[in-house]
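J.: First, the structure itself, so that you have it in front of you.
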Amino acid sequence: MNNEHNPIAQLITTIQQKWIDEVTPNNHIQLVRWLIKPDQARLYEGFLRLESTPNGGLPDVPIVLLTAFENKETHSRNLIKDWIETFKKDKELQKELNARDLKFDWNISEYETKLENEDTDHNLLLLEMLSTFQKAMPNPQLHLALSLYPYSVEETKDYGKWIDHLIQLGLPDKVRIMFFDYVEERYFDNLVKTHSDIAQSLAVPIDLQGAINKIAAAGDPNDPEVQFRQCMIEMSKSVTKKNLPRLHTWGKKGLMITQKSGSKSAFATAHVIYAGMLFNFKEYQAIDELLQKAMAIAKQGLSGGEDNCKPIIVQTYGYQASCKQLQKQKDLAADLFCKQAETSIEFGFGPQALTAWWLGYNVIKKRDKKRYATVVTEAYQYGVSLAPELIKSTCMAYIAADYYNLCEKSRDLNECESVDVFMKEIEGEQWRTNVEAHRKEMEKKSLSILNWF
């Protein structure tokens, strides 16, 4: 789909043009901050991924690193490590350079050796790599943009100090740092002000929801799928307007459209989405009824050969559990979360089972310590049976921390050590410290399927 008819692509083009207009003509700019809203994060991640391909639209050559920021002492080393690993795996880049007969003489093994040297200053090594990479590019007149988009930042002040330190050391010629800040919090105003002679802040007015709505409404207006997407848009608008009668009107219309389609999975999904919207109004009786119908319809669909009903069944158990939890029926909520975990495993959705167990045992943590310990242990033991790459982005670190604490209380130090060794391989040396820091933030929220992570 070309940009002319793709609303999301049009937004990315707008982002690219902002850079071209305000950064590209100014060779002195070396620090570029994007001011974004939290709900735009995925869009900007897509922008960076696009710029990492030959289809990117920026004149600068980006080095995109998503490395989590743990602290200013280790971040440069972690970035270098990830950069080296990414570069070595980037076979497409090597093929493209060879196909176009482009010379790119950059010795990655030299930096691997320096990385392992205990006397290496990793901040200086990172700057050296940026400098040599830029000079080795087929067109050394282009700027190199170190594009930082960490999946998580433990401490924003530390992160700002780390960027400041790199600038103080001296960014190489034709090298820029691109980073991101939330427009409402503006964590890095002081950093940008301190380096105002080389800094530029960029902000683009983006109607992301409008673009999503355009995509959702696109297609044949007589197609039931298109008609239901329109119902979802209107239901969402009803929630925003806090208009319950309007939500019921569009919710019931969605049920009618999907029922006529003859698809059990579509009909069950309509019930689940309608119920999900009603959480905003605390209409628990209506939610329970919709979810019971969704479960019955999805199970009928599965028995009739519709395998795409499996994730609907898993999701419905989670919504039912949350509905009971919000009604203070905690034992029943825990039962349903555990049922969700068991069903996830049965259907081959292993990582989702971890989240279900985690939510389930937290519901009854204070009221049933014996059951809490049983579920935590079951969750951990199942988690370690999964491949590390499958659990990296799950809540396994929290399950492991809770299991570690149980073992510590029972003085099972050998098991504590086993947990620690396993998790350090996946989450790094500071895994327990990071979990506790994030846990404090999460404690400010209600723990349910509606807001985890």
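For the structure tokens, the naming scheme is as follows: chains receive sequential letters (A, B, ...) according to their order of presentation, residues are indexed from 1 within each chain, and ligands are indexed from 1 in presentation order.
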Please, which residues of region 152-311 of chain A, numbered as in this document, come out helix (DSSP H, G or I) from DSSP, as a PyMOL selection string?
T.: chain A and resi 156-169+189-194+208-217+224-240+244-261+264-281+284-303+307-311
J.: Show which residues sit within 12 Å of Glu85 (chain A), as a list in words. Count only C-alpha atoms, and ignore same-chain residues fewer than 2 positions away.
T.: Leu65, Thr67, Asn78, Leu79, Ile80, Lys81, Asp82, Trp83, Phe87, Lys88, Lys89, Asp90, Lys91, Ile108, Ser109, Tyr111 and Glu112 of chain A
J.: Please, could you write that set of residues out with C-alpha atoms as a PDB file, in the first residue's frame?
T.:
ATOM      1  CA  LEU A  65      19.523   0.483  19.564  1.00  0.00           C
ATOM      2  CA  THR A  67      18.920  -1.493  24.784  1.00  0.00           C
ATOM      3  CA  ASN A  78      25.507  -2.667  26.922  1.00  0.00           C
ATOM      4  CA  LEU A  79      24.956  -0.544  23.814  1.00  0.00           C
ATOM      5  CA  ILE A  80      28.285  -1.634  22.324  1.00  0.00           C
ATOM      6  CA  LYS A  81      27.506  -5.285  23.018  1.00  0.00           C
ATOM      7  CA  ASP A  82      24.070  -5.040  21.369  1.00  0.00           C
ATOM      8  CA  TRP A  83      25.481  -3.058  18.428  1.00  0.00           C
ATOM      9  CA  PHE A  87      25.860  -5.871  13.142  1.00  0.00           C
ATOM     10  CA  LYS A  88      27.142  -9.444  12.982  1.00  0.00           C
ATOM     11  CA  LYS A  89      23.614 -10.771  12.423  1.00  0.00           C
ATOM     12  CA  ASP A  90      22.734  -8.176   9.764  1.00  0.00           C
ATOM     13  CA  LYS A  91      23.333 -10.382   6.727  1.00  0.00           C
ATOM     14  CA  ILE A 108      33.952  -5.226  14.171  1.00  0.00           C
ATOM     15  CA  SER A 109      36.342  -7.791  15.711  1.00  0.00           C
ATOM     16  CA  TYR A 111      35.820  -3.626  19.069  1.00  0.00           C
ATOM     17  CA  GLU A 112      34.871  -7.070  20.363  1.00  0.00           C
TER      18      GLU A 112
END
J.: Counting only C-alpha atoms, which residues of region 201-299 of chain A sit at most 12 Å from some atom of region 181-191 of chain A, and what is each one's closest atom pair with its distance in Å to one decimal, listed by chain and rising residue number, as a tab-separated table?
T.:
residue	atom	partner	partner_atom	distance
A:Ser201	CA	A:Asp189	CA	9.4
A:Leu202	CA	A:Asp181	CA	10.1
A:Ala203	CA	A:Val183	CA	8.2
A:Val204	CA	A:Val183	CA	10.6
A:Pro205	CA	A:Val183	CA	11.2
J.: Select, from A:Tyr398, A:Pro38, A:Tyr284, A:Ile15, the residue with the minimum atom-to-atom distance to Gly56 (chain A), counting only C-alpha atoms.
T.: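 So, comparing all the options, the nearest one is A:Ile15.
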J.: Rounded to one decimal, what separation in Å do you get between CA of Ile163 (chain A) and CA of Pro62 (chain A)?
T.: 17.1 Å
J.: Leaving out Arg367 (chain A) and any residue of its chain fewer than 5 positions from it, which residues lie within 12 Å of it when counting only C-alpha atoms, given as an MDAnalysis selection string?
T.: chainID A and resid 329:331 334 361:362 372:373
J.: List every residue of region 187-414 of chain A that DSSP, applied to the backbone, labels as strand (DSSP E or B), and write the result as a PyMOL selection string.
T.: chain A and resi 199-202
J.: Would you mind telling me which residue in A:Met256, A:Ile345, A:Ala266, A:Leu50 lies nearest to Glu225 (chain A) when using only C-alpha atoms?
T.: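 Distance minimum relative to Glu225 (chain A) lands on A:Ala266.
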J.: Can you work out which one of A:Lys369, A:Trp162, A:Val175, A:Leu142 has the shortest atom-to-atom distance to Met129 (chain A), counting only C-alpha atoms?
T.: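 The closest residue to Met129 (chain A) is A:Val175.
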J.: Give me, as JSON, numbers by chain, all polymer residues having an atom no more than 12 Å from Glu306 (chain A), counting only C-alpha atoms and skipping those fewer than 4 positions away in the same chain.
T.: {"A": [262, 263, 264, 265, 266, 268, 297, 298, 299, 300, 301, 302, 310, 311, 312, 313]}
J.: Tell me, in Å to one decimal, how far CA of Asn222 (chain A) is from CA of Gly254 (chain A).
T.: 13.7 Å
J.: For Asp21 (chain A), list every protein, DNA or RNA residue within 12 Å, evaluated using only C-alpha atoms, and leave out those in the same chain fewer than 3 positions away; present the list as a list in words.
T.: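 Close residues of Asp21 (chain A): Thr14, Ile15, Gln16, Gln17, Lys18, Thr24, Pro25, Asn26, Leu58, Pro59, Gln200 and Leu202 of chain A.
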J.: I need the residues from that last selection saved to file as a CSV table (one decimal), in the first residue's frame (with all heavy atoms), if you can.
T.:
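Once written, part.csv looks like this:
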chain,number,residue,atom,x,y,z
A,14,THR,N,5.4,12.4,7.7
A,14,THR,CA,5.4,13.7,8.4
A,14,THR,C,6.6,13.8,9.4
A,14,THR,O,7.2,14.8,9.5
A,14,THR,CB,4.1,13.9,9.2
A,14,THR,OG1,3.0,13.8,8.2
A,14,THR,CG2,4.0,15.3,9.8
A,15,ILE,N,6.8,12.7,10.1
A,15,ILE,CA,8.0,12.6,11.0
A,15,ILE,C,9.3,12.8,10.3
A,15,ILE,O,10.2,13.6,10.7
A,15,ILE,CB,7.9,11.3,11.8
A,15,ILE,CG1,6.7,11.2,12.7
A,15,ILE,CG2,9.2,11.1,12.6
A,15,ILE,CD1,6.5,9.8,13.3
A,16,GLN,N,9.4,12.1,9.2
A,16,GLN,CA,10.7,12.2,8.4
A,16,GLN,C,10.9,13.6,7.9
A,16,GLN,O,12.0,14.2,8.0
A,16,GLN,CB,10.6,11.2,7.2
A,16,GLN,CG,10.6,9.8,7.5
A,16,GLN,CD,10.2,8.9,6.4
A,16,GLN,OE1,9.5,9.3,5.5
A,16,GLN,NE2,10.7,7.7,6.4
A,17,GLN,N,9.8,14.3,7.4
A,17,GLN,CA,9.9,15.6,6.9
A,17,GLN,C,10.3,16.6,8.0
A,17,GLN,O,11.0,17.6,7.7
A,17,GLN,CB,8.6,16.0,6.2
A,17,GLN,CG,8.7,17.3,5.4
A,17,GLN,CD,9.7,17.1,4.2
A,17,GLN,OE1,9.6,16.1,3.5
A,17,GLN,NE2,10.6,18.0,4.0
A,18,LYS,N,9.8,16.4,9.2
A,18,LYS,CA,10.2,17.3,10.3
A,18,LYS,C,11.7,17.3,10.5
A,18,LYS,O,12.3,18.3,10.7
A,18,LYS,CB,9.5,16.8,11.6
A,18,LYS,CG,9.6,17.8,12.8
A,18,LYS,CD,8.8,19.0,12.6
A,18,LYS,CE,8.8,19.9,13.8
A,18,LYS,NZ,8.0,21.1,13.6
A,24,THR,N,18.4,18.4,9.2
A,24,THR,CA,19.3,18.1,8.1
A,24,THR,C,20.1,19.4,7.6
A,24,THR,O,21.3,19.3,7.4
A,24,THR,CB,18.5,17.5,6.9
A,24,THR,OG1,17.9,16.3,7.3
A,24,THR,CG2,19.5,17.3,5.7
A,25,PRO,N,19.4,20.5,7.5
A,25,PRO,CA,20.2,21.7,7.0
A,25,PRO,C,21.2,22.3,8.0
A,25,PRO,O,22.0,23.1,7.7
A,25,PRO,CB,19.1,22.8,6.7
A,25,PRO,CG,17.8,22.0,6.8
A,25,PRO,CD,18.0,20.9,7.7
A,26,ASN,N,21.1,21.8,9.3
A,26,ASN,CA,21.9,22.4,10.3
A,26,ASN,C,23.0,21.4,10.8
A,26,ASN,O,22.8,20.5,11.7
A,26,ASN,CB,21.1,22.8,11.5
A,26,ASN,CG,20.0,23.8,11.1
A,26,ASN,OD1,20.3,24.8,10.6
A,26,ASN,ND2,18.7,23.4,11.3
A,58,LEU,N,15.2,9.3,6.0
A,58,LEU,CA,16.1,10.3,6.5
A,58,LEU,C,17.4,10.4,5.7
A,58,LEU,O,17.9,9.4,5.3
A,58,LEU,CB,16.4,10.1,8.0
A,58,LEU,CG,15.3,10.1,9.0
A,58,LEU,CD1,15.8,9.9,10.4
A,58,LEU,CD2,14.5,11.4,8.9
A,59,PRO,N,18.0,11.6,5.6
A,59,PRO,CA,19.3,11.7,4.9
A,59,PRO,C,20.4,11.1,5.9
A,59,PRO,O,21.4,10.6,5.4
A,59,PRO,CB,19.5,13.2,4.8
A,59,PRO,CG,18.1,13.8,4.9
A,59,PRO,CD,17.4,12.9,5.8
A,200,GLN,N,18.3,20.3,19.4
A,200,GLN,CA,17.1,20.6,18.7
A,200,GLN,C,16.0,19.7,19.2
A,200,GLN,O,16.1,18.5,19.2
A,200,GLN,CB,17.2,20.5,17.2
A,200,GLN,CG,16.0,20.8,16.4
A,200,GLN,CD,15.6,22.3,16.4
A,200,GLN,OE1,16.5,23.1,16.3
A,200,GLN,NE2,14.3,22.6,16.5
A,202,LEU,N,12.1,18.3,18.6
A,202,LEU,CA,11.2,18.2,17.5
A,202,LEU,C,9.9,17.6,18.1
A,202,LEU,O,9.9,16.7,18.9
A,202,LEU,CB,11.7,17.2,16.4
A,202,LEU,CG,13.0,17.5,15.8
A,202,LEU,CD1,13.4,16.4,14.8
A,202,LEU,CD2,13.0,18.8,15.1
J.: With distances taken over only C-alpha atoms, which residue among A:Gln259, A:Thr249, A:Ser76, A:Asn107 lies nearest Pro224 (chain A)?
T.: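 Using only C-alpha atoms, Pro224 (chain A) sits closest to A:Gln259.
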J.: Name the closest residue to Val61 (chain A) among the candidates A:Lys174, A:Lys237, A:Arg42, A:Arg439; distances are taken between atoms, counting only C-alpha atoms.
T.: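 Among the listed residues, A:Lys174 lies closest to Val61 (chain A).
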J.: What does the distance from CA of Tyr149 (chain A) to CA of Gln168 (chain A) come to in Å, to one decimal?
T.: 21.0 Å
